[in-house]
Each structure stands twice: as C-alpha cells, then as structure tokens.
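Visitor: Contents of data.cif (mmCIF, C-alpha atoms) are below:
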```
data_query
loop_
_atom_site.group_PDB
_atom_site.id
_atom_site.type_symbol
_atom_site.label_atom_id
_atom_site.label_comp_id
_atom_site.auth_asym_id
_atom_site.auth_seq_id
_atom_site.Cartn_x
_atom_site.Cartn_y
_atom_site.Cartn_z
ATOM 1 C CA GLY B 248 90.037 114.042 112.340
ATOM 2 C CA GLN B 249 92.760 111.509 112.961
ATOM 3 C CA GLN B 250 94.721 110.408 109.913
ATOM 4 C CA LEU B 251 97.220 107.649 109.293
ATOM 5 C CA ASN B 252 99.965 107.996 106.711
ATOM 6 C CA GLN B 253 101.242 104.683 105.427
ATOM 7 C CA SER B 254 104.310 104.108 103.287
ATOM 8 C CA PRO B 255 105.302 102.948 100.841
ATOM 9 C CA GLN B 256 102.111 102.866 98.772
ATOM 10 C CA SER B 257 103.405 99.939 96.737
ATOM 11 C CA MET B 258 106.304 97.506 96.749
ATOM 12 C CA PHE B 259 107.620 95.183 94.055
ATOM 13 C CA ILE B 260 110.024 92.599 95.442
ATOM 14 C CA GLN B 261 111.565 89.246 94.673
ATOM 15 C CA GLU B 262 110.402 86.144 96.486
ATOM 16 C CA GLY B 263 112.540 85.575 99.548
ATOM 17 C CA GLU B 264 113.210 89.245 100.239
ATOM 18 C CA ASP B 265 112.290 90.951 103.486
ATOM 19 C CA VAL B 266 109.637 93.684 103.505
ATOM 20 C CA SER B 267 109.223 96.738 105.719
ATOM 21 C CA MET B 268 106.360 99.193 105.831
ATOM 22 C CA ASN B 269 105.342 101.842 108.311
ATOM 23 C CA CYS B 270 102.499 103.983 109.460
ATOM 24 C CA THR B 271 102.572 107.393 111.147
ATOM 25 C CA SER B 272 99.948 109.546 112.759
ATOM 26 C CA SER B 273 99.687 113.171 113.808
ATOM 27 C CA SER B 274 97.953 112.069 116.999
ATOM 28 C CA ILE B 275 98.458 109.368 119.581
ATOM 29 C CA PHE B 276 96.901 105.940 119.270
ATOM 30 C CA ASN B 277 96.584 103.507 122.154
ATOM 31 C CA THR B 278 96.265 100.519 119.857
ATOM 32 C CA TRP B 279 97.789 99.754 116.489
ATOM 33 C CA LEU B 280 96.390 97.108 114.184
ATOM 34 C CA TRP B 281 97.754 95.608 110.989
ATOM 35 C CA TYR B 282 95.388 94.048 108.439
ATOM 36 C CA LYS B 283 96.002 92.182 105.221
ATOM 37 C CA GLN B 284 93.606 92.127 102.277
ATOM 38 C CA ASP B 285 93.948 89.274 99.812
ATOM 39 C CA PRO B 286 92.818 89.989 96.258
ATOM 40 C CA GLY B 287 89.022 89.912 96.080
ATOM 41 C CA GLU B 288 88.534 89.596 99.833
ATOM 42 C CA GLY B 289 87.957 91.794 102.859
ATOM 43 C CA PRO B 290 90.799 92.739 105.239
ATOM 44 C CA VAL B 291 91.796 90.247 107.911
ATOM 45 C CA LEU B 292 93.563 91.138 111.162
ATOM 46 C CA LEU B 293 97.221 90.064 111.284
ATOM 47 C CA ILE B 294 98.636 91.643 114.427
ATOM 48 C CA ALA B 295 97.331 93.853 117.226
ATOM 49 C CA LEU B 296 99.618 96.031 119.372
ATOM 50 C CA TYR B 297 98.434 97.451 122.681
ATOM 51 C CA LYS B 298 101.468 98.947 124.402
ATOM 52 C CA ALA B 299 104.048 101.548 123.400
ATOM 53 C CA GLY B 300 107.332 99.854 122.546
ATOM 54 C CA GLU B 301 105.666 96.471 122.105
ATOM 55 C CA LEU B 302 107.179 94.110 119.545
ATOM 56 C CA THR B 303 104.901 91.278 118.443
ATOM 57 C CA SER B 304 105.452 88.434 115.995
ATOM 58 C CA ASN B 305 103.068 86.232 114.069
ATOM 59 C CA GLY B 306 105.111 83.716 112.099
ATOM 60 C CA ARG B 307 107.223 85.623 109.586
ATOM 61 C CA LEU B 308 105.484 88.894 110.476
ATOM 62 C CA THR B 309 106.789 91.256 113.142
ATOM 63 C CA ALA B 310 105.143 94.514 114.132
ATOM 64 C CA GLN B 311 106.212 97.221 116.540
ATOM 65 C CA PHE B 312 104.263 99.884 118.418
ATOM 66 C CA GLY B 313 106.372 103.055 118.378
ATOM 67 C CA ILE B 314 107.506 104.609 121.634
ATOM 68 C CA THR B 315 105.852 107.926 120.782
ATOM 69 C CA ARG B 316 102.561 106.070 120.118
ATOM 70 C CA LYS B 317 102.398 107.934 116.817
ATOM 71 C CA ASP B 318 103.865 105.231 114.600
ATOM 72 C CA SER B 319 104.046 101.534 113.918
ATOM 73 C CA PHE B 320 106.082 99.230 111.684
ATOM 74 C CA LEU B 321 105.373 95.912 110.009
ATOM 75 C CA ASN B 322 108.117 93.630 108.740
ATOM 76 C CA ILE B 323 107.728 90.453 106.705
ATOM 77 C CA SER B 324 110.724 88.166 106.503
ATOM 78 C CA ALA B 325 111.531 85.798 103.625
ATOM 79 C CA SER B 326 108.500 86.742 101.537
ATOM 80 C CA ILE B 327 106.520 84.050 99.710
ATOM 81 C CA PRO B 328 103.915 84.349 96.925
ATOM 82 C CA SER B 329 100.948 84.181 99.313
ATOM 83 C CA ASP B 330 102.148 87.398 100.982
ATOM 84 C CA VAL B 331 100.795 89.290 97.965
ATOM 85 C CA GLY B 332 98.013 91.681 98.883
ATOM 86 C CA ILE B 333 97.317 95.049 100.442
ATOM 87 C CA TYR B 334 98.463 95.726 103.991
ATOM 88 C CA PHE B 335 96.659 98.324 106.088
ATOM 89 C CA CYS B 336 97.536 99.861 109.394
ATOM 90 C CA ALA B 337 94.641 100.990 111.568
ATOM 91 C CA GLY B 338 94.003 102.658 114.877
ATOM 92 C CA PRO B 339 90.794 102.990 116.891
ATOM 93 C CA SER B 340 88.808 106.117 117.644
ATOM 94 C CA LEU B 341 86.128 105.738 120.252
ATOM 95 C CA ILE B 342 82.943 107.564 119.306
ATOM 96 C CA GLN B 343 79.758 107.221 121.362
ATOM 97 C CA GLY B 344 80.857 103.867 122.688
ATOM 98 C CA ALA B 345 81.613 102.433 119.261
ATOM 99 C CA GLN B 346 85.147 101.662 118.220
ATOM 100 C CA LYS B 347 85.647 103.281 114.838
ATOM 101 C CA LEU B 348 88.820 102.281 113.027
ATOM 102 C CA VAL B 349 90.885 104.797 111.073
ATOM 103 C CA PHE B 350 92.903 103.183 108.264
ATOM 104 C CA GLY B 351 96.065 104.067 106.436
ATOM 105 C CA GLN B 352 96.113 104.269 102.651
ATOM 106 C CA GLY B 353 97.484 100.743 102.329
ATOM 107 C CA THR B 354 100.698 99.198 100.986
ATOM 108 C CA ARG B 355 100.214 97.018 97.916
ATOM 109 C CA LEU B 356 102.773 94.205 97.888
ATOM 110 C CA THR B 357 103.663 92.459 94.628
ATOM 111 C CA ILE B 358 106.094 89.541 94.592
ATOM 112 C CA ASN B 359 108.030 88.321 91.577
ATOM 113 C CA PRO B 360 108.709 84.592 91.797
ATOM 114 C CA ASP J 145 82.736 80.024 111.400
ATOM 115 C CA VAL J 146 81.548 83.542 112.153
ATOM 116 C CA LYS J 147 80.775 85.652 109.150
ATOM 117 C CA VAL J 148 79.935 88.987 107.654
ATOM 118 C CA THR J 149 78.127 88.402 104.374
ATOM 119 C CA GLN J 150 77.662 90.981 101.663
ATOM 120 C CA SER J 151 74.894 90.063 99.280
ATOM 121 C CA SER J 152 76.702 90.835 96.009
ATOM 122 C CA ARG J 153 80.363 90.521 95.013
ATOM 123 C CA TYR J 154 79.900 92.507 91.797
ATOM 124 C CA LEU J 155 77.188 94.991 90.879
ATOM 125 C CA VAL J 156 76.649 97.251 87.877
ATOM 126 C CA LYS J 157 74.038 100.009 88.098
ATOM 127 C CA ARG J 158 73.046 103.030 86.054
ATOM 128 C CA THR J 159 73.516 106.674 86.976
ATOM 129 C CA GLY J 160 70.525 107.978 88.902
ATOM 130 C CA GLU J 161 69.385 104.565 90.152
ATOM 131 C CA LYS J 162 68.706 103.916 93.819
ATOM 132 C CA VAL J 163 71.128 101.209 94.907
ATOM 133 C CA PHE J 164 70.958 98.972 97.959
ATOM 134 C CA LEU J 165 73.991 97.141 99.346
ATOM 135 C CA GLU J 166 73.148 94.560 101.980
ATOM 136 C CA CYS J 167 75.293 93.249 104.823
ATOM 137 C CA VAL J 168 74.423 90.540 107.325
ATOM 138 C CA GLN J 169 76.474 89.342 110.322
ATOM 139 C CA ASP J 170 75.845 86.247 112.416
ATOM 140 C CA MET J 171 77.936 87.193 115.456
ATOM 141 C CA ASP J 172 75.323 89.216 117.385
ATOM 142 C CA HIS J 173 77.608 92.267 117.118
ATOM 143 C CA GLU J 174 76.244 95.631 118.193
ATOM 144 C CA ASN J 175 78.392 97.725 115.867
ATOM 145 C CA MET J 176 78.345 97.667 112.090
ATOM 146 C CA PHE J 177 80.243 99.789 109.586
ATOM 147 C CA TRP J 178 80.311 100.646 105.904
ATOM 148 C CA TYR J 179 83.597 101.638 104.269
ATOM 149 C CA ARG J 180 84.532 102.386 100.707
ATOM 150 C CA GLN J 181 87.940 101.483 99.366
ATOM 151 C CA ASP J 182 89.648 103.416 96.588
ATOM 152 C CA PRO J 183 93.243 103.050 95.345
ATOM 153 C CA GLY J 184 95.624 105.292 97.251
ATOM 154 C CA LEU J 185 92.941 106.408 99.698
ATOM 155 C CA GLY J 186 92.638 103.347 101.904
ATOM 156 C CA LEU J 187 89.357 102.585 103.635
ATOM 157 C CA ARG J 188 87.106 105.537 104.349
ATOM 158 C CA LEU J 189 84.172 105.304 106.719
ATOM 159 C CA ILE J 190 80.795 106.170 105.234
ATOM 160 C CA TYR J 191 78.370 105.366 108.066
ATOM 161 C CA PHE J 192 78.271 103.222 111.162
ATOM 162 C CA SER J 193 75.658 101.962 113.549
ATOM 163 C CA TYR J 194 76.063 100.982 117.202
ATOM 164 C CA ASP J 195 72.542 99.689 117.746
ATOM 165 C CA VAL J 196 69.333 98.848 115.958
ATOM 166 C CA LYS J 197 67.789 101.950 114.366
ATOM 167 C CA MET J 198 70.833 103.994 115.337
ATOM 168 C CA LYS J 199 73.214 105.467 112.773
ATOM 169 C CA GLU J 200 76.117 107.872 112.764
ATOM 170 C CA LYS J 201 77.835 109.629 109.883
ATOM 171 C CA GLY J 202 81.384 108.671 109.118
ATOM 172 C CA ASP J 203 83.912 110.716 107.189
ATOM 173 C CA ILE J 204 82.237 110.649 103.752
ATOM 174 C CA PRO J 205 78.446 110.266 104.182
ATOM 175 C CA GLU J 206 77.389 112.538 101.321
ATOM 176 C CA GLY J 207 75.265 110.744 98.744
ATOM 177 C CA TYR J 208 74.640 107.771 101.041
ATOM 178 C CA SER J 209 72.159 106.708 103.665
ATOM 179 C CA VAL J 210 71.857 103.584 105.807
ATOM 180 C CA SER J 211 69.228 101.447 107.447
ATOM 181 C CA ARG J 212 69.475 99.153 110.463
ATOM 182 C CA GLU J 213 66.073 97.666 111.223
ATOM 183 C CA LYS J 214 67.493 94.434 112.674
ATOM 184 C CA LYS J 215 70.670 93.859 114.645
ATOM 185 C CA GLU J 216 72.177 91.496 112.108
ATOM 186 C CA ARG J 217 71.519 93.584 108.990
ATOM 187 C CA PHE J 218 73.022 96.912 107.932
ATOM 188 C CA SER J 219 72.085 98.303 104.528
ATOM 189 C CA LEU J 220 73.892 101.014 102.586
ATOM 190 C CA ILE J 221 71.750 103.051 100.188
ATOM 191 C CA LEU J 222 72.915 105.179 97.311
ATOM 192 C CA GLU J 223 69.968 107.518 96.863
ATOM 193 C CA SER J 224 70.825 108.503 93.270
ATOM 194 C CA ALA J 225 73.922 106.700 92.068
ATOM 195 C CA SER J 226 76.663 108.694 90.386
ATOM 196 C CA THR J 227 79.816 107.588 88.589
ATOM 197 C CA ASN J 228 82.040 108.884 91.414
ATOM 198 C CA GLN J 229 80.451 106.257 93.638
ATOM 199 C CA THR J 230 82.068 103.493 91.622
ATOM 200 C CA SER J 231 84.176 101.754 94.253
ATOM 201 C CA MET J 232 84.720 98.714 96.439
ATOM 202 C CA TYR J 233 82.365 98.741 99.420
ATOM 203 C CA LEU J 234 83.268 96.864 102.584
ATOM 204 C CA CYS J 235 81.002 96.065 105.500
ATOM 205 C CA ALA J 236 82.401 95.238 108.954
ATOM 206 C CA SER J 237 81.126 94.514 112.421
ATOM 207 C CA ASN J 238 82.469 94.324 115.948
ATOM 208 C CA THR J 239 81.364 94.276 119.544
ATOM 209 C CA GLY J 240 82.558 96.808 122.096
ATOM 210 C CA SER J 241 86.269 97.379 121.549
ATOM 211 C CA GLY J 242 86.792 94.071 119.803
ATOM 212 C CA GLY J 243 88.425 93.621 116.422
ATOM 213 C CA TYR J 244 86.558 94.119 113.189
ATOM 214 C CA THR J 245 85.324 91.277 111.006
ATOM 215 C CA PHE J 246 84.996 92.309 107.385
ATOM 216 C CA GLY J 247 82.836 90.997 104.587
ATOM 217 C CA SER J 248 84.356 90.089 101.227
ATOM 218 C CA GLY J 249 83.308 93.358 99.652
ATOM 219 C CA THR J 250 81.016 94.506 96.853
ATOM 220 C CA ARG J 251 82.631 95.963 93.771
ATOM 221 C CA LEU J 252 80.088 98.491 92.508
ATOM 222 C CA THR J 253 80.301 100.052 89.064
ATOM 223 C CA ILE J 254 78.035 102.944 88.125
ATOM 224 C CA VAL J 255 77.678 103.457 84.376
#
```
Represent the structure of the file as structure tokens.

Guide:
Amino acid sequence: GQQLNQSPQSMFIQEGEDVSMNCTSSSIFNTWLWYKQDPGEGPVLLIALYKAGELTSNGRLTAQFGITRKDSFLNISASIPSDVGIYFCAGPSLIQGAQKLVFGQGTRLTINP
Amino acid sequence: DVKVTQSSRYLVKRTGEKVFLECVQDMDHENMFWYRQDPGLGLRLIYFSYDVKMKEKGDIPEGYSVSREKKERFSLILESASTNQTSMYLCASNTGSGGYTFGSGTRLTIV
C-alpha cells in the first residue's frame, strides 16, 4: 500500500529557532495534509495542500506541496513553547467511497526555553 | 463545538480479556476510523466504517473487530487482549472527502 516517510523523527531545538520537516512518498498524492498532536490529545489539522507547487501559510507555519506530488514540507518560523508536539503528514487514499488517510511516522518536536 | 468522544482516556486490562473501546461523534459523519499510534510507527489504520453496519479492514486488523450499530457510534473490540496491543488508540470521523476530526485518544495498557 501507499506509505509516507517523514523526517526527522525527532527534533530538539531552542526557542526562537526555525524548524523544517518533510514527508516523501513512493506514489503520488493529490492532497497533502499536515496535522499536529499536542501531548495527550488527538491530531488536529494545521494545513491542507491541494495543488502541486502550492505554498500555503497559517501564521508561523508554511507548507509546500512538491512539484512531483510525491513530497511535502512543513516549516515553522520562530518557534515558541506551544509548538511542542508531534507533527504528522498525511495523504488520502480513496477506498469504496471513503477517504482513508495514510500517515507518516511523525516528527516529535521538543523546544528548550 | 463538534466532537469525537472516546469513552476512556486511560484503560488497564488483563491479558486474555475482551476489551471494548467506544467512540461517539456528533457531526452526523458517515465515515469513522480506528487507528493505533505507536512511537516511530505513526498512525496505523485498524478498521474503518463508511456506513451503519458496514466495516472494512485497515492495515492491521488482526486481533481486532469493530461494531457500528448506529451512525454516531463506532466500537473497537479486542477479542482476547495481548500485551502487544498496548498502545494509544485514536478514533476519527469524516464525511465524504472532508478532513478528519480526531478524538483525544485512549491509552490502553494490557498487563
């Protein structure tokens, strides 16, 4: 089946630093999604990308849909303590009319104040 | 505020027990999903349902079953719990091609 490879698996940074993470796939996706999971909570959608080459921002977050449609990037600028959590990329597979999401392994972000 | 509610945040069960994890959504969504989350493995799909009484296997269905008797409720069943089923379990729902809404998760420990 489709798989997403996300890197890095973990990051330890200082507050105020910028963060970059990426996600690659062996197959094409028509949509890329980025989720964040706060400690003890379920994932919440941050950014959705629908078009190859698209660059979308949500506050300090910027995500890009790769031209090949096989990768995506998420950048966080000027990190703050509340950015701590696990970030997941995801892409949809349509099976029998139901959108099933395939997730990357996650990037765990830790911030030192 | 729309919600997906999982009945327990933390659960400890014994090996061999039959375990029920409950999930309820109030958004009238057709599709519901159960994932398990393990460090370094991301979220892996166990089962999903796209209608009442309908169910489809995900990527790791072995050792699990599900029940969807009502549209708003999707139950995950561990027929005979084993220690390798210790994990975080996440329920989600969506409609059509819309985004997922996740519950807060159930951290299940099998001893």

Visitor: Show me which bits of chain J are within 10 Å of chain B, counting all atoms listed in the file, as an MDAnalysis selection string.

Guide: chainID J and resid 148 153 174:177 181:189 192:195 200 202:203 232:236 238:251

Visitor: Quick check on the file I pasted: which residues fall under the PyMOL selection byres ((chain B and resi 296) around 7)? Write them as a ChimeraX atom specification.

Guide: /B:278-280,294-295,297-298,301,312

Visitor: Taking only C-alpha atoms into account, name the residue in J:Arg158, J:Lys147, J:His173, J:Lys199 that is nearest to Leu220 of chain J.

Guide: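 The closest residue to Leu220 of chain J is J:Lys199.
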
Visitor: Would you compute the distance between atom CA of Arg316 of chain B and atom CA of Val331 of chain B? Give it in Å to one decimal.

Guide: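 Atom-to-atom, atom CA of Arg316 of chain B to atom CA of Val331 of chain B, that is 27.8 Å.
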
Visitor: Name the residues captured by the PyMOL selection byres ((chain B and resi 304) around 12) when it is applied to the shown file; answer as a list of chain:residue names.

Guide: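 This file gives the following for the PyMOL selection byres ((chain B and resi 304) around 12): B:Trp281, B:Leu293, B:Ile294, B:Ala295, B:Leu296, B:Glu301, B:Leu302, B:Thr303, B:Asn305, B:Gly306, B:Arg307, B:Leu308, B:Thr309, B:Ala310, B:Gln311, B:Phe312, B:Phe320, B:Leu321, B:Asn322, B:Ile323, B:Ser324.
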
Visitor: Those residues with C-alpha atoms, as a PDB file, in the frame of the given file please?

Guide:
```pdb
ATOM      1  CA  TRP B 281      97.754  95.608 110.989  1.00  0.00           C
ATOM      2  CA  LEU B 293      97.221  90.064 111.284  1.00  0.00           C
ATOM      3  CA  ILE B 294      98.636  91.643 114.427  1.00  0.00           C
ATOM      4  CA  ALA B 295      97.331  93.853 117.226  1.00  0.00           C
ATOM      5  CA  LEU B 296      99.618  96.031 119.372  1.00  0.00           C
ATOM      6  CA  GLU B 301     105.666  96.471 122.105  1.00  0.00           C
ATOM      7  CA  LEU B 302     107.179  94.110 119.545  1.00  0.00           C
ATOM      8  CA  THR B 303     104.901  91.278 118.443  1.00  0.00           C
ATOM      9  CA  ASN B 305     103.068  86.232 114.069  1.00  0.00           C
ATOM     10  CA  GLY B 306     105.111  83.716 112.099  1.00  0.00           C
ATOM     11  CA  ARG B 307     107.223  85.623 109.586  1.00  0.00           C
ATOM     12  CA  LEU B 308     105.484  88.894 110.476  1.00  0.00           C
ATOM     13  CA  THR B 309     106.789  91.256 113.142  1.00  0.00           C
ATOM     14  CA  ALA B 310     105.143  94.514 114.132  1.00  0.00           C
ATOM     15  CA  GLN B 311     106.212  97.221 116.540  1.00  0.00           C
ATOM     16  CA  PHE B 312     104.263  99.884 118.418  1.00  0.00           C
ATOM     17  CA  PHE B 320     106.082  99.230 111.684  1.00  0.00           C
ATOM     18  CA  LEU B 321     105.373  95.912 110.009  1.00  0.00           C
ATOM     19  CA  ASN B 322     108.117  93.630 108.740  1.00  0.00           C
ATOM     20  CA  ILE B 323     107.728  90.453 106.705  1.00  0.00           C
ATOM     21  CA  SER B 324     110.724  88.166 106.503  1.00  0.00           C
TER      22      SER B 324
END
```

Visitor: Measure the distance from atom CA of Ser211 of chain J to atom CA of Met198 of chain J in Å and round it to one decimal.

Guide: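 Rounded to one decimal, the two atoms are 8.4 Å apart.
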
Visitor: Which of these residues is nearest to Asp318 of chain B, using only C-alpha atoms: B:Gln261, B:Thr357, B:Gln250, B:Asn269?

Guide: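 Ranking B:Gln261, B:Thr357, B:Gln250, B:Asn269 by distance to Asp318 of chain B, first place goes to B:Asn269.
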
Visitor: Please compute the atom CA of Gly263 of chain B-atom CA of Leu356 of chain B distance, one decimal, in Å.

Guide: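 According to the coordinates, atom CA of Gly263 of chain B and atom CA of Leu356 of chain B are separated by 13.1 Å.
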
Visitor: Leaving out Val255 of chain J and any residue of its chain fewer than 4 positions from it, which residues lie within 12 Å of it when counting all atoms listed in the file, given as a list in words?

Guide: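 The filter keeps Leu155, Val156, Lys157, Arg158, Thr159, Gly160, Glu161, Ala225, Ser226, Thr227, Asn228, Gln229, Thr230 and Ser231 of chain J.
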
Visitor: What are the centre and edge lengths in Å, to one decimal, of the axis-aligned box around all listed atoms of segment 236-245 of chain J with 8 Å added on each side, as lines of an AutoDock Vina configuration file?

Guide:
```
center_x = 84.8
center_y = 94.3
center_z = 115.5
size_x = 23.3
size_y = 22.1
size_z = 29.1
```

Visitor: Counting only C-alpha atoms, I want the residues whose atoms come within 9 Å of (67.6, 95.9, 113.9) in the file frame, returned as a PyMOL selection string.

Guide: chain J and resi 195-198+211-218
